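input19.txt, holding compact mmCIF, C-alpha atoms:
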# COMPACT_ATOMS: atom_id res chain seq x y z
CA MET A 1 246.52 141.92 98.22
CA LYS A 2 243.05 143.32 97.90
CA ARG A 3 240.65 141.79 100.46
CA ARG A 4 237.50 140.04 99.24
CA TRP A 5 233.99 141.36 99.46
CA ASN A 6 232.12 139.91 102.49
CA TRP A 7 228.75 139.27 100.84
CA PRO A 8 227.02 137.44 103.76
CA LEU A 9 227.16 140.64 105.84
CA TRP A 10 225.29 142.67 103.25
CA THR A 11 222.88 139.91 102.31
CA GLY A 12 222.10 139.29 105.99
CA PHE A 13 221.46 142.98 106.53
CA LEU A 14 219.16 143.16 103.49
CA LEU A 15 217.24 140.10 104.71
CA ALA A 16 216.76 141.77 108.12
CA LEU A 17 215.41 144.91 106.40
CA ALA A 18 213.15 142.68 104.29
CA GLY A 19 211.97 140.98 107.49
CA LEU A 20 210.93 144.34 108.90
CA PHE A 21 209.29 145.93 105.86
CA SER A 22 207.73 142.87 104.22
CA TYR A 23 205.16 142.69 107.04
CA ALA A 24 203.14 145.23 105.05
CA ILE A 25 202.71 142.48 102.43
CA PHE A 26 202.50 139.43 104.71
CA ALA A 27 199.91 141.12 106.97
CA GLN A 28 197.41 140.87 104.11
CA PHE A 29 197.22 137.08 104.40
CA PRO A 30 195.87 135.42 107.56
CA ILE A 31 198.39 132.59 107.36
CA THR A 32 201.37 134.95 107.57
CA ARG A 33 199.61 137.50 109.78
CA ASP A 34 198.21 135.46 112.67
CA PHE A 35 201.74 134.29 113.37
CA PRO A 36 204.46 136.19 111.43
CA TRP A 37 206.55 133.13 110.58
CA ALA A 38 207.53 134.47 107.15
CA ASN A 39 209.08 137.55 108.73
CA LEU A 40 210.78 135.50 111.45
CA PHE A 41 212.23 133.24 108.74
CA LEU A 42 213.73 136.27 106.97
CA PHE A 43 215.23 137.55 110.23
CA CYS A 44 216.57 134.08 111.03
CA ALA A 45 218.21 133.67 107.61
CA GLY A 46 219.62 137.20 107.90
CA GLY A 47 221.01 136.47 111.37
CA ILE A 48 222.79 133.31 110.18
CA LEU A 49 224.39 135.17 107.27
CA LEU A 50 225.49 138.00 109.55
CA VAL A 51 227.14 135.53 111.92
CA VAL A 52 228.90 133.89 108.98
CA GLY A 53 230.00 137.31 107.69
CA LEU A 54 231.27 138.43 111.09
CA ALA A 55 233.17 135.18 111.56
CA ARG A 56 234.86 135.78 108.19
CA ALA A 57 235.62 139.42 108.93
CA PHE A 58 237.16 138.76 112.34
CA GLY A 59 238.48 135.23 111.76
CA ARG A 60 240.29 135.92 108.49
CA PRO A 61 240.63 139.71 108.33
CA GLN A 62 243.52 139.41 105.88
CA VAL A 63 241.16 137.75 103.33
CA TYR A 64 237.74 139.31 104.02
CA ARG A 65 236.57 142.84 104.52
CA GLY A 66 233.95 143.86 107.09
CA LYS A 67 235.64 144.47 110.47
CA MET A 68 234.30 148.02 110.39
CA PHE A 69 230.90 147.79 108.70
CA GLY A 70 230.15 144.22 109.83
CA PRO A 71 229.33 145.16 113.44
CA ILE A 72 227.44 148.25 112.24
CA LEU A 73 225.23 146.14 109.93
CA ALA A 74 224.74 143.58 112.69
CA VAL A 75 223.59 146.22 115.18
CA LEU A 76 221.23 147.81 112.62
CA SER A 77 219.80 144.35 111.86
CA LEU A 78 219.28 143.67 115.56
CA LEU A 79 217.47 147.02 115.88
CA ALA A 80 215.21 146.08 112.96
CA PHE A 81 214.46 142.73 114.63
CA ALA A 82 213.76 144.42 118.00
CA LEU A 83 211.43 146.93 116.36
CA PHE A 84 209.56 144.14 114.57
CA GLY A 85 209.28 142.05 117.73
CA TYR A 86 207.99 145.03 119.70
CA GLY A 87 205.30 145.74 117.12
CA ALA A 88 204.31 142.19 116.21
CA PHE A 89 204.38 140.60 119.66
CA TYR A 90 203.84 143.43 122.14
CA LEU A 91 201.97 146.37 120.59
CA VAL A 92 199.29 144.24 118.90
CA ARG A 93 198.43 142.67 122.27
CA GLN A 94 197.87 145.99 124.02
CA MET A 95 194.10 145.68 124.10
CA PRO A 96 191.50 146.95 126.52
CA VAL A 97 189.95 144.42 128.90
CA SER A 98 186.37 144.97 127.63
CA ALA A 99 184.98 143.31 130.77
CA GLY A 100 181.60 144.92 130.10
CA ALA A 101 181.23 143.64 126.54
CA PRO A 102 177.93 141.78 126.00
CA ARG A 103 178.26 138.05 126.57
CA VAL A 104 176.74 134.96 125.00
CA GLY A 105 173.11 134.63 126.09
CA GLU A 106 172.65 138.37 126.69
CA LYS A 107 170.57 140.68 124.51
CA ALA A 108 172.67 142.65 122.03
CA PRO A 109 172.44 146.39 122.81
CA GLU A 110 170.23 148.14 120.23
CA PHE A 111 171.73 150.79 117.93
CA THR A 112 171.03 152.82 114.82
CA LEU A 113 173.97 153.96 112.71
CA PRO A 114 174.36 155.31 109.15
CA ASP A 115 175.77 152.94 106.51
CA GLN A 116 178.26 153.95 103.80
CA ASN A 117 175.45 155.62 101.82
CA GLY A 118 174.25 157.59 104.85
CA LYS A 119 171.14 155.41 105.26
CA PRO A 120 170.34 154.69 108.93
CA VAL A 121 170.48 151.01 109.86
CA ALA A 122 169.04 149.70 113.15
CA LEU A 123 170.00 146.36 114.70
CA ALA A 124 166.28 145.52 114.84
CA ASP A 125 166.03 146.02 111.02
CA LEU A 126 168.96 143.66 110.48
CA LEU A 127 167.39 140.98 112.67
CA SER A 128 163.81 141.26 111.37
CA SER A 129 164.78 140.40 107.80
CA SER A 130 167.25 137.57 108.33
CA HIS A 131 168.36 134.51 110.24
CA GLY A 132 170.45 136.70 112.50
CA ALA A 133 173.29 139.16 112.21
CA VAL A 134 177.05 139.23 112.50
CA LEU A 135 178.49 142.47 113.86
CA ILE A 136 182.12 143.04 113.02
CA PHE A 137 183.80 145.86 114.89
CA TYR A 138 186.86 147.20 113.09
CA ARG A 139 189.65 149.50 114.18
CA GLY A 140 189.09 151.52 110.99
CA HIS A 141 191.51 154.18 109.68
CA TRP A 142 191.61 152.60 106.24
CA MET B 143 176.55 140.96 108.30
CA VAL B 144 177.57 144.50 109.07
CA ALA B 145 180.86 146.18 109.87
CA ILE B 146 181.10 148.94 112.48
CA SER B 147 183.94 151.41 112.91
CA VAL B 148 184.50 155.04 113.87
CA GLU B 149 185.12 156.01 110.23
CA PRO B 150 182.63 158.45 108.63
CA PRO B 151 180.27 157.12 105.88
CA GLU B 152 182.16 158.76 103.00
CA ILE B 153 185.42 157.06 104.05
CA ASN B 154 183.58 153.74 104.39
CA LYS B 155 182.04 154.19 100.95
CA ARG B 156 185.44 154.80 99.37
CA HIS B 157 186.89 151.82 101.26
CA CYS B 158 184.08 149.49 100.12
CA GLN B 159 184.44 150.60 96.50
CA LYS B 160 188.19 150.13 96.63
CA MET B 161 188.03 146.68 98.27
CA GLY B 162 184.88 145.45 96.52
CA PHE B 163 183.00 144.84 99.78
CA THR B 164 179.26 144.48 99.25
CA TYR B 165 178.11 144.31 102.87
CA ARG B 166 177.16 147.33 104.93
CA PHE B 167 179.73 149.42 106.76
CA LEU B 168 178.18 151.38 109.63
CA SER B 169 179.66 154.56 110.91
CA ASP B 170 180.00 155.34 114.64
CA PRO B 171 182.18 158.48 114.60
CA LYS B 172 181.63 159.33 118.28
CA ALA B 173 182.16 155.68 119.27
CA GLU B 174 178.81 155.66 121.09
CA VAL B 175 177.88 152.12 120.05
CA VAL B 176 181.51 151.03 120.49
CA ARG B 177 181.25 152.28 124.09
CA ARG B 178 177.86 150.60 124.58
CA TYR B 179 179.52 147.30 123.68
CA ASP B 180 182.53 148.18 125.88
CA LEU B 181 184.94 147.85 122.97
CA LEU B 182 186.57 151.28 123.15
CA HIS B 183 190.33 151.28 122.66
CA PRO B 184 191.24 154.79 123.84
CA GLY B 185 193.96 156.62 121.97
CA ALA B 186 194.79 153.67 119.70
CA GLY B 187 193.88 155.40 116.43
CA PRO B 188 195.96 157.83 114.40
CA LYS B 189 196.74 161.03 116.30
CA GLY B 190 195.50 159.38 119.49
CA ALA B 191 191.89 159.00 118.34
CA ASP B 192 189.61 156.63 120.26
CA ILE B 193 188.77 153.62 118.11
CA SER B 194 187.11 150.23 118.47
CA ARG B 195 189.07 147.11 119.28
CA PRO B 196 188.46 144.29 116.79
CA ALA B 197 185.50 142.14 117.84
CA GLU B 198 182.81 139.95 116.30
CA PHE B 199 179.31 139.11 117.58
CA LEU B 200 176.79 136.60 116.22
CA ILE B 201 173.24 137.61 117.08
CA ASP B 202 170.18 135.40 116.56
CA PRO B 203 166.84 136.73 115.23
CA THR B 204 165.56 137.31 118.79
CA GLY B 205 168.48 139.70 119.45
CA THR B 206 170.32 137.26 121.73
CA ILE B 207 174.09 136.98 121.39
CA ARG B 208 175.11 133.46 120.33
CA TRP B 209 178.86 133.84 119.85
CA VAL B 210 181.47 136.46 120.72
CA ASN B 211 185.07 136.78 119.58
CA LEU B 212 187.24 139.30 121.44
CA THR B 213 190.72 138.80 120.06
CA GLU B 214 193.74 139.32 122.32
CA ASN B 215 195.89 140.20 119.32
CA ALA B 216 194.82 143.02 117.00
CA ALA B 217 196.42 141.19 114.07
CA VAL B 218 194.38 138.01 114.62
CA ARG B 219 190.70 138.24 113.59
CA ALA B 220 187.95 135.70 113.33
CA ARG B 221 188.16 133.68 110.14
CA PRO B 222 185.02 133.33 107.99
CA GLU B 223 184.87 129.58 108.73
CA GLN B 224 184.86 130.29 112.50
CA VAL B 225 181.84 132.55 112.10
CA LEU B 226 180.05 130.02 109.87
CA LYS B 227 180.71 127.26 112.41
CA ALA B 228 179.35 129.46 115.21
CA PHE B 229 176.26 130.07 113.07
CA ASP B 230 175.78 126.33 112.39
CA ASP B 231 176.26 125.44 116.07
CA SER B 232 173.81 128.12 117.11
CA SER B 233 171.20 126.98 114.54
CA GLU B 234 171.54 123.37 115.71
CA ARG B 235 170.97 124.36 119.32
CA ALA B 236 167.94 126.39 118.29
CA ALA B 237 166.50 123.43 116.33
CA ARG B 238 166.78 121.04 119.28
What's the structure tokens form of this structure?
Amino acid sequence: MKRRWNWPLWTGFLLALAGLFSYAIFAQFPITRDFPWANLFLFCAGGILLVVGLARAFGRPQVYRGKMFGPILAVLSLLAFALFGYGAFYLVRQMPVSAGAPRVGEKAPEFTLPDQNGKPVALADLLSSSHGAVLIFYRGHW
Amino acid sequence: MVAISVEPPEINKRHCQKMGFTYRFLSDPKAEVVRRYDLLHPGAGPKGADISRPAEFLIDPTGTIRWVNLTENAAVRARPEQVLKAFDDSSERAAR
């Protein structure tokens, strides 16, 4: 008798891949970026399906396929999860201490820098014509 | 409101046009101002370039810093409403 296709293994693996690569989309929205719950949900759903698939493959091997590729897909999914966790929970927190950054109550260090049109802009210019200024430092490489 | 990064002006111009940003993007390619504010994140850019860590400062018209946000997580930035609240709080204190 031909054994049946073990769909939870493949679906679980695809969900794990989706969990890894969909961060490029979810990172655009603060609600799914500040804490990556959408990605963790995909990994979680993928993990449950993989467990179900593995239980089928090893519990009823005469009915279901997957004793060979099931563990391979599970390990690849775990690697995807580990890679995501490393990036989303460890790498993003590797920040300098910035102990010397100006504090509340101190004078902001003066500067003059060119804007996107090459026109020089001084902090003093920004302050003289407004109710104050917000400086946003970005990592760049856009 | 101004943005500051190590990107050159032409890259900032392209970025602003693409994203529709209308505020000014300042260019600090040698990270001199980034260093002055002690925000340098060495080797964190592509190909190991020195870049700025994300940070936000609210400065009042006298040049005094009223609010600082140094995130511990590069993915988590100040939300617009946080900055507006800091501005309101600062204006209230100034009025009293």
Next on the checklist: What's around His157 (chain B) at 12 Å? Count all atoms listed in the file, leave out sequence neighbours fewer than 5 positions away in its own chain, and write the answer as an NGL selection string.
Outcome noted: (:A and (116 or 140-142)) or (:B and (145 or 149-152 or 162-167))
Please build the interface table for chain B against chain A with a cut-off of 7 Å, listing for each qualifying residue the nearest atom pair and the distance in Å to one decimal; count only C-alpha atoms, order rows by chain and increasing number, and write it as JSON lines.
{"residue": "B:Met143", "atom": "CA", "partner": "A:Val134", "partner_atom": "CA", "distance": 4.6}
{"residue": "B:Val144", "atom": "CA", "partner": "A:Leu135", "partner_atom": "CA", "distance": 5.3}
{"residue": "B:Ala145", "atom": "CA", "partner": "A:Ile136", "partner_atom": "CA", "distance": 4.6}
{"residue": "B:Ile146", "atom": "CA", "partner": "A:Phe137", "partner_atom": "CA", "distance": 4.8}
{"residue": "B:Ser147", "atom": "CA", "partner": "A:Tyr138", "partner_atom": "CA", "distance": 5.1}
{"residue": "B:Val148", "atom": "CA", "partner": "A:Gly140", "partner_atom": "CA", "distance": 6.5}
{"residue": "B:Glu149", "atom": "CA", "partner": "A:Gly140", "partner_atom": "CA", "distance": 6.0}
{"residue": "B:Pro151", "atom": "CA", "partner": "A:Gln116", "partner_atom": "CA", "distance": 4.3}
{"residue": "B:Glu152", "atom": "CA", "partner": "A:Gln116", "partner_atom": "CA", "distance": 6.2}
{"residue": "B:Asn154", "atom": "CA", "partner": "A:Gln116", "partner_atom": "CA", "distance": 5.4}
{"residue": "B:Lys155", "atom": "CA", "partner": "A:Gln116", "partner_atom": "CA", "distance": 4.7}
{"residue": "B:His157", "atom": "CA", "partner": "A:Trp142", "partner_atom": "CA", "distance": 6.9}
{"residue": "B:Arg166", "atom": "CA", "partner": "A:Asp115", "partner_atom": "CA", "distance": 6.0}
{"residue": "B:Phe167", "atom": "CA", "partner": "A:Asp115", "partner_atom": "CA", "distance": 5.3}
{"residue": "B:Leu168", "atom": "CA", "partner": "A:Asp115", "partner_atom": "CA", "distance": 4.2}
{"residue": "B:Ser169", "atom": "CA", "partner": "A:Pro114", "partner_atom": "CA", "distance": 5.6}
{"residue": "B:Asp170", "atom": "CA", "partner": "A:Leu113", "partner_atom": "CA", "distance": 6.5}
{"residue": "B:Val175", "atom": "CA", "partner": "A:Phe111", "partner_atom": "CA", "distance": 6.6}
{"residue": "B:Tyr179", "atom": "CA", "partner": "A:Ala101", "partner_atom": "CA", "distance": 4.9}
{"residue": "B:Asp180", "atom": "CA", "partner": "A:Ala101", "partner_atom": "CA", "distance": 4.8}
{"residue": "B:Leu181", "atom": "CA", "partner": "A:Ser98", "partner_atom": "CA", "distance": 5.7}
{"residue": "B:His183", "atom": "CA", "partner": "A:Pro96", "partner_atom": "CA", "distance": 5.9}
{"residue": "B:Ile193", "atom": "CA", "partner": "A:Arg139", "partner_atom": "CA", "distance": 5.8}
{"residue": "B:Ser194", "atom": "CA", "partner": "A:Arg139", "partner_atom": "CA", "distance": 5.0}
{"residue": "B:Arg195", "atom": "CA", "partner": "A:Arg139", "partner_atom": "CA", "distance": 5.7}
{"residue": "B:Pro196", "atom": "CA", "partner": "A:Tyr138", "partner_atom": "CA", "distance": 5.0}
{"residue": "B:Ala197", "atom": "CA", "partner": "A:Phe137", "partner_atom": "CA", "distance": 5.0}
{"residue": "B:Glu198", "atom": "CA", "partner": "A:Ile136", "partner_atom": "CA", "distance": 4.6}
{"residue": "B:Phe199", "atom": "CA", "partner": "A:Leu135", "partner_atom": "CA", "distance": 5.1}
{"residue": "B:Leu200", "atom": "CA", "partner": "A:Val134", "partner_atom": "CA", "distance": 4.6}
{"residue": "B:Ile201", "atom": "CA", "partner": "A:Ala133", "partner_atom": "CA", "distance": 5.1}
{"residue": "B:Asp202", "atom": "CA", "partner": "A:Gly132", "partner_atom": "CA", "distance": 4.3}
{"residue": "B:Pro203", "atom": "CA", "partner": "A:Gly132", "partner_atom": "CA", "distance": 4.5}
{"residue": "B:Gly205", "atom": "CA", "partner": "A:Lys107", "partner_atom": "CA", "distance": 5.6}
{"residue": "B:Thr206", "atom": "CA", "partner": "A:Lys107", "partner_atom": "CA", "distance": 4.4}
{"residue": "B:Ile207", "atom": "CA", "partner": "A:Val104", "partner_atom": "CA", "distance": 4.9}
{"residue": "B:Arg208", "atom": "CA", "partner": "A:Val104", "partner_atom": "CA", "distance": 5.2}
{"residue": "B:Trp209", "atom": "CA", "partner": "A:Val104", "partner_atom": "CA", "distance": 5.7}
{"residue": "B:Val210", "atom": "CA", "partner": "A:Val104", "partner_atom": "CA", "distance": 6.6}
{"residue": "B:Glu214", "atom": "CA", "partner": "A:Arg93", "partner_atom": "CA", "distance": 5.8}
{"residue": "B:Asn215", "atom": "CA", "partner": "A:Arg93", "partner_atom": "CA", "distance": 4.6}
{"residue": "B:Ala216", "atom": "CA", "partner": "A:Val92", "partner_atom": "CA", "distance": 5.0}
{"residue": "B:Ala217", "atom": "CA", "partner": "A:Asp34", "partner_atom": "CA", "distance": 6.2}
{"residue": "B:Val218", "atom": "CA", "partner": "A:Asp34", "partner_atom": "CA", "distance": 5.0}
Checklist entry - What does the distance between CA of Leu42 (chain A) and CA of Trp5 (chain A) come to in Å, to one decimal place? => result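 Distance between the two atoms: 22.2 Å.
Taking CA of Phe21 (chain A) and CA of Gly85 (chain A) as endpoints, the distance between them is 12.5 Å.
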Can you sort out the box for region 106-115 of chain A, edges along x, y and z, all listed atoms in, 3 Å on every side, with centre and edge lengths in Å to one decimal, as JSON?
{"center_x": 173.0, "center_y": 146.8, "center_z": 116.6, "size_x": 11.5, "size_y": 22.9, "size_z": 26.2}
Checklist entry - So which residues touch Tyr23 (chain A) within 9 Å, counting only C-alpha atoms, skipping near sequence neighbours fewer than 4 positions away, as a ChimeraX atom specification? => result /A:18-19,27-28,32-33,36,38-39,84
Item to check | Interatomic distance (Å, one decimal) between CA of Phe81 (chain A) and CA of Gly185 (chain B) | outcome: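 Computing the Euclidean distance for CA of Phe81 (chain A) and CA of Gly185 (chain B) yields 25.8 Å.
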Completed region 155-185 of chain B (N, CA and C atoms) as a short mmCIF file (atom, residue, chain, number, x, y, z; two decimals), in the coordinates of the input:
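The resulting file, result-v8.cif, is shown below:
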data_model
loop_
_atom_site.label_atom_id
_atom_site.label_comp_id
_atom_site.auth_asym_id
_atom_site.auth_seq_id
_atom_site.Cartn_x
_atom_site.Cartn_y
_atom_site.Cartn_z
N LYS B 155 182.49 154.38 102.33
CA LYS B 155 182.04 154.19 100.95
C LYS B 155 183.25 154.00 100.03
N ARG B 156 184.23 154.87 100.20
CA ARG B 156 185.44 154.80 99.37
C ARG B 156 186.15 153.46 99.62
N HIS B 157 186.21 153.07 100.90
CA HIS B 157 186.89 151.82 101.26
C HIS B 157 186.20 150.62 100.62
N CYS B 158 184.85 150.61 100.68
CA CYS B 158 184.08 149.49 100.12
C CYS B 158 184.27 149.41 98.61
N GLN B 159 184.26 150.58 97.96
CA GLN B 159 184.44 150.60 96.50
C GLN B 159 185.82 150.08 96.13
N LYS B 160 186.81 150.52 96.91
CA LYS B 160 188.19 150.13 96.63
C LYS B 160 188.37 148.62 96.82
N MET B 161 187.80 148.08 97.92
CA MET B 161 188.03 146.68 98.27
C MET B 161 186.99 145.73 97.67
N GLY B 162 185.92 146.29 97.09
CA GLY B 162 184.88 145.45 96.52
C GLY B 162 183.97 144.81 97.55
N PHE B 163 183.90 145.38 98.75
CA PHE B 163 183.00 144.84 99.78
C PHE B 163 181.56 145.19 99.44
N THR B 164 180.66 144.22 99.59
CA THR B 164 179.26 144.48 99.25
C THR B 164 178.38 144.52 100.49
N TYR B 165 178.94 144.23 101.67
CA TYR B 165 178.11 144.31 102.87
C TYR B 165 178.16 145.73 103.44
N ARG B 166 177.30 145.97 104.44
CA ARG B 166 177.16 147.33 104.93
C ARG B 166 178.23 147.68 105.96
N PHE B 167 178.76 148.87 105.82
CA PHE B 167 179.73 149.42 106.76
C PHE B 167 179.05 150.55 107.52
N LEU B 168 178.85 150.35 108.82
CA LEU B 168 178.18 151.38 109.63
C LEU B 168 179.22 152.29 110.27
N SER B 169 178.77 153.51 110.46
CA SER B 169 179.66 154.56 110.91
C SER B 169 179.28 155.02 112.32
N ASP B 170 180.24 154.95 113.24
CA ASP B 170 180.00 155.34 114.64
C ASP B 170 181.08 156.34 115.05
N PRO B 171 181.05 157.56 114.45
CA PRO B 171 182.18 158.48 114.60
C PRO B 171 182.44 158.90 116.05
N LYS B 172 181.40 158.96 116.88
CA LYS B 172 181.63 159.33 118.28
C LYS B 172 181.84 158.10 119.17
N ALA B 173 181.91 156.94 118.55
CA ALA B 173 182.16 155.68 119.27
C ALA B 173 181.10 155.42 120.33
N GLU B 174 179.87 155.86 120.08
CA GLU B 174 178.81 155.66 121.09
C GLU B 174 178.43 154.18 121.20
N VAL B 175 178.24 153.54 120.03
CA VAL B 175 177.88 152.12 120.05
C VAL B 175 179.09 151.28 120.49
N VAL B 176 180.28 151.71 120.06
CA VAL B 176 181.51 151.03 120.49
C VAL B 176 181.59 151.03 122.02
N ARG B 177 181.25 152.17 122.63
CA ARG B 177 181.25 152.28 124.09
C ARG B 177 180.16 151.40 124.71
N ARG B 178 178.97 151.39 124.06
CA ARG B 178 177.86 150.60 124.58
C ARG B 178 178.23 149.12 124.64
N TYR B 179 179.07 148.70 123.71
CA TYR B 179 179.52 147.30 123.68
C TYR B 179 180.85 147.13 124.44
N ASP B 180 181.27 148.18 125.12
CA ASP B 180 182.53 148.18 125.88
C ASP B 180 183.71 147.69 125.05
N LEU B 181 183.86 148.26 123.86
CA LEU B 181 184.94 147.85 122.97
C LEU B 181 185.90 149.00 122.69
N LEU B 182 185.76 150.11 123.44
CA LEU B 182 186.57 151.28 123.15
C LEU B 182 188.05 151.00 123.43
N HIS B 183 188.88 151.36 122.48
CA HIS B 183 190.33 151.28 122.66
C HIS B 183 190.85 152.72 122.63
N PRO B 184 190.94 153.35 123.82
CA PRO B 184 191.24 154.79 123.84
C PRO B 184 192.63 155.10 123.30
N GLY B 185 192.67 156.12 122.45
CA GLY B 185 193.96 156.62 121.97
C GLY B 185 194.71 155.71 121.02
#
